[in-house]
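S.K.: One structure follows; several queries about it will come next.
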Amino acid sequence: MSWIYMLVLFGLIAMYLLGGDAVGSASKKVSYDDFKTFVKKGYASKIVINKDESTLKMYVNQKNIRDVFKTGAKNTGNNPYVTTEFGSVDKIESFIEAEKKSGKFKGELNYENKRGNDLFNILLSFGPILLLFFLWIYLMRRMGGGGGASGGVFNVGKSKAKMYEKGADINITFKDVAGQAGAKQEVQEIVEFLKNPKKYTDLGGKIPKGALLVGPPGTGKTLLAKAVAGEAGVPFFSMSGSDFVEMFVGVGASRVRDLFRQAKEKSPCIIFIDEIDAVGRARSKNPAMGGNDERENTLNALLTEMDGFGTNSGVIILAATNRADMLDSALLRAGRFDRQINVDLPDLNERKEIFEVHLKPVKIDESVDVDMLARQTPGFSGADIANVCNEAALIAARHDKSHVGKQDFLDAVDRIIGGLEKKTKVMTEGERRTIALHEAGHATISWFLEHANPLVKVSIVPRGRALGAAWYMPEERQITTKEEMLDEMCATLGGRAAEELFTGHISTGAMNDLERVTKSAYGMIAYAGMSDKLPNICYYNNNEYNFQKPYSETTAKIMDDEVLKMINEQYERAKKLLLDHKDGHNKLAEQLLEREVIFAEDVEKIFGKRPWVSRSEEIMENENGGAASESSTENETGTKANGV
């Protein structure tokens with residue numbers, strides 16, 4: 001828009017200098033004799049003399065435009081004129097005076113000075129050059145990420161890192177980071193290194209040069225870095241890995257050098273690079289002939305600055321990524337990133353601490369039990385838990401409540417894992433009955449298997465893409481036995497088995513179950529060595545450059561046969577269990593059709609108390625008196641979804 005305004009301004013200046021009447025009107029240069037002829041014939045309406053340039057303008061009468069310009073007034077404008085040069089002002093004035101007396105010229109005679117035309121001529125001469133210059137500056141600023149003092153063509157190689165002086169502008173401390181005790185201890189030591197280095201150097205130790213935070217998304221890697229910035233009493237430089245990437249060749253490497261130059265000037269200090277995989281990805285083994293990879297040049301500059309011939313005394317580098325397997329091995333070696341700090345998904349106690357942090361601004365009532373919420377969210381990251389708390393507050397506000405209750409949190413978990421309820425989805429009565437039998441099959445078999453996860457809720461209300469679901473309370477296991485995996489496989493196949501036994505046909509509703517069972521079976525046989533014919537062998541291959549299978553076609557055929565055998569055995573086992581408890585299964589399906597949602601206590605009334613009590617069930621009974629069994633619990637690994 002600024003260029004449009006500039007063009008409009010130039011146009012207004014031109015209109016002012018030329019005069020409003022002249023703009024858009026035709027002009028024509030003629031000889032002095034032709035000018036005298038036009039005046040004698042009475043064509044002139046006005047004459048303007050410029051003494052300084054010895055030129056004049058003769059404006060033509062409307063009725064004589066065609067005689068002079070050989071075209072109509074539509075093509076020449078309202079005030080066309082002719083220009084000519086003269087030798088003597090006295091002679092031209094005498095001529096015009098004589099024509100006035102004879103009645104041939106009845107208009108007025110005016111004079112103009114040279115100043116206005118000089119200004120206009122200067123603009124015409126230098127205007128295009130100035131326009132090109134400003135256009136070039138504008139484009140250079142845009143390509144250099146320009147805009148303020150830090151951008152522009154002259155600062156394109158400057159670092160974009162934002163510096164925080166001694167924790168200013170960041171109010172996050174280690175108290176705001178719940179859980180992750182091991183990771184917090186590691187980064188706290190880094191802060192202590194910078195605050196009191198003598199404590200470590202007196203014993204002959206060296207301050208680590210870098211620490212890499214590795215973990216799944218949402219586990220708090222960037223939050224830990226912010227806490228370091230808030231706690232450290234030294235300057236803190238923060239930037240993203242993508243800030244090094246630029247369209248100009250050599251700019252990324254230049255920014256790396258500029259960043260370390262600033263850091264050395266502020267030493268001791270901390271540099272934090274978020275999402276370092278954007279610039280630290282493993283270099284190609286077969287670079288293109290003659291190619292110049294800007295990302296590799298940037299990585300080479302980073303490697304040199306981190307541990308080259310130069311010294312970075314007092315500069316510690318923190319970096320975060322969730323794709324550590326893609327980083328270059330030279331970047332991960334000791335002397336560059338001395339420590340790799342794993343920031344894993346929180347366990348039960350850590351989830352409880354995270355809930356307590358995120359529940360501080362939420363108005364909750366007495367029914368909310370933090371222990372119960374922590375148990376019902378296995379596999380949730382810190383970001384997921386923050387989302388649960390926020391979603392629960394939104395649900396409570398939607399129902400005009402003054403406080404957020406226990407049911408609001410349970411509905412929030414259902415909403416996040418299962419998706420939005422779709423009670424308006426149109427289904428026939430036959431489809432509803434098939435879904436009810438399918439979900440009742442999951443619930444029945446899991447009730448009678450020792451290692452199956454304890455059931456909490458069964459629903460045939462469509463959520464997201466699933467037409468029904470069975471919710472469990474999975475146990476958090478560090479290792480899983482073959483028996484546990486087979487029991488879970490059998491419970492997963494219970495829906496398809498119930499369809500075949502009690503409807504006489506099978507449907508596409510079990511596609512999600514079959515996908516999970518197939519992946520689990522191949523994992524047990526190819527990776528975990530749990531096959532009778534291929535025992536104690538793992539064919540896992542993490543070499544991304546090897547496009548061949550690490551086993552022969554004969555072995556692949558044995559794997560396929562073993563997978564098929566394992567799944568069919570568990571399928572037959574599921575059908576046998578369903579036939580043994582046929583009456584109870586049918587009652588469960590009828591209750592589902594009637595109420596759409598049933599809980600573990602309803603299943604217990606039909607089948608009696610579960611033969612095996614899991615550890616999580618003991619905790620629920622001891623602490624909550626069985627209240628948790630009346631609530632809905634969801635988990636990605638514990639959801640049995642009847643949907644395609």
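To be explicit about the labels: the chains of the structure tokens are called A, B, and onward in the order shown, and within each one the residues are counted from 1, while ligands get numbers from 1 in the order they are shown.
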Would you mind listing what lies within 6 Å of Gly252 (chain A) as a list of chain:residue names, with only C-alpha atoms counted and same-chain residues fewer than 6 positions away left out?

M.R.: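 Contacts, in chain order: A:Phe244, A:Val245, A:Thr298.
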
S.K.: Could the residues in this selection be written to a file with all heavy atoms, as a compact mmCIF listing (two decimals), in the first residue's frame?

M.R.:
```
# COMPACT_ATOMS: atom_id res chain seq x y z
N PHE A 244 17.74 -20.31 11.54
CA PHE A 244 19.00 -20.33 10.80
C PHE A 244 18.77 -20.50 9.30
O PHE A 244 19.64 -20.20 8.50
CB PHE A 244 19.90 -21.48 11.29
CG PHE A 244 20.39 -21.31 12.69
CD1 PHE A 244 19.95 -22.14 13.71
CD2 PHE A 244 21.30 -20.32 13.01
CE1 PHE A 244 20.41 -22.00 15.00
CE2 PHE A 244 21.76 -20.16 14.30
CZ PHE A 244 21.31 -21.00 15.30
N VAL A 245 17.59 -21.01 8.93
CA VAL A 245 17.33 -21.34 7.54
C VAL A 245 16.97 -20.07 6.77
O VAL A 245 16.12 -19.30 7.22
CB VAL A 245 16.20 -22.38 7.43
CG1 VAL A 245 15.93 -22.74 5.98
CG2 VAL A 245 16.54 -23.61 8.24
N THR A 298 25.21 -24.79 7.32
CA THR A 298 24.83 -24.27 8.62
C THR A 298 25.21 -25.23 9.73
O THR A 298 25.71 -24.83 10.79
CB THR A 298 23.31 -23.99 8.65
OG1 THR A 298 22.96 -23.15 7.55
CG2 THR A 298 22.90 -23.32 9.95
```

S.K.: Write out as a list in words the residues lying within 12 Å of Glu572 (chain A), counting only C-alpha atoms and excluding same-chain residues fewer than 6 positions away.

M.R.: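 Once the nearby chain positions are removed, what remains is Met489, Cys490, Ala491, Leu493, Gly494, Arg496, Ala497, Ala498, Glu500, Leu501, Lys565, Met566, Leu578 and Leu579 of chain A.
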
S.K.: What separation in Å, quoted to one decimal, exists between CA of Asp411 (chain A) and CA of Glu515 (chain A)?

M.R.: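 If I compute the distance from CA of Asp411 (chain A) to CA of Glu515 (chain A), I get 27.2 Å.
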
S.K.: What parts of region 173-273 of chain A does DSSP call strand (DSSP E)? I'd like the answer as an MDAnalysis selection string.

M.R.: chainID A and resid 210:214 236:240 269:273

S.K.: Could you pull the residues within 12 Å of Glu186 (chain A), counting only C-alpha atoms, minus those fewer than 2 positions along the same chain, as a list in words?

M.R.: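 Neighbouring residues, sequence-local ones excluded: Phe174, Gln180, Ala181, Gly182, Ala183, Lys184, Gln188, Glu189, Ile190, Val191, Glu192, Phe193, Pro208, Gly210, Ala211, Leu212, Leu213, Leu224, Ala225, Val228, Leu318, Asp338, Arg339, Gln340, Ile341, Asn342 and Val343 of chain A.
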
S.K.: Using DSSP assignments from the backbone, pull out every residue in region 295-423 of chain A that falls under alpha helix (DSSP H) and give it to me as a PyMOL selection string.

M.R.: chain A and resi 295-307+329-332+348-358+370-375+382-398+406-418

S.K.: Excluding region 398-405 of chain A and residues on its chain fewer than 3 positions from it, collect all residues at most 7 Å away from it, counting only C-alpha atoms, and give them as a list of chain:residue names.

M.R.: A:Lys363, A:Ile364, A:Asp365, A:Ser367, A:Val368, A:Ala392, A:Ala393, A:Leu394, A:Ile395, A:Asp408, A:Phe409

S.K.: For Glu350 (chain A), work out the shell of residues within 12 Å, counting only C-alpha atoms and skipping chain neighbours fewer than 3 positions away, then give it as a PyMOL selection string.

M.R.: chain A and resi 177-182+219+343-347+353-357+370-371+373-375+377-382+385

S.K.: Write out as an mmCIF file with C-alpha atoms, in the first residue's frame which residues come within 6 Å of region 78-95 of chain A when counting only C-alpha atoms, dropping same-chain ones fewer than 4 positions away.

M.R.:
```
data_model
loop_
_atom_site.group_PDB
_atom_site.id
_atom_site.type_symbol
_atom_site.label_atom_id
_atom_site.label_comp_id
_atom_site.auth_asym_id
_atom_site.auth_seq_id
_atom_site.Cartn_x
_atom_site.Cartn_y
_atom_site.Cartn_z
ATOM 1 C CA SER A 25 -5.128 17.105 -22.937
ATOM 2 C CA ALA A 26 -3.212 16.620 -26.187
ATOM 3 C CA SER A 27 -0.282 18.814 -27.230
ATOM 4 C CA LYS A 28 1.557 19.305 -30.470
ATOM 5 C CA LYS A 29 4.787 21.075 -31.412
ATOM 6 C CA VAL A 30 4.502 23.262 -34.522
ATOM 7 C CA SER A 31 6.692 25.761 -36.375
ATOM 8 C CA TYR A 32 6.510 29.495 -35.729
ATOM 9 C CA SER A 54 11.534 31.389 -25.413
ATOM 10 C CA THR A 55 8.569 29.066 -25.887
ATOM 11 C CA LEU A 56 4.828 29.575 -25.891
ATOM 12 C CA LYS A 57 1.636 27.548 -25.716
ATOM 13 C CA MET A 58 -1.381 28.315 -27.853
ATOM 14 C CA TYR A 59 -4.616 26.743 -26.586
ATOM 15 C CA VAL A 60 -7.023 25.843 -29.424
#
```

S.K.: With only C-alpha atoms as the atoms that count, which of A:Arg66, A:Lys40, A:Lys605, A:Lys360 lies nearest to Glu99 (chain A)?

M.R.: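 Nearest to Glu99 (chain A): A:Lys40.
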
S.K.: Nearest residue to Tyr527 (chain A) out of A:Val413, A:Ala396, A:Met559, A:Ala466, using only C-alpha atoms?

M.R.: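 For Tyr527 (chain A), the nearest of the given residues is A:Met559.
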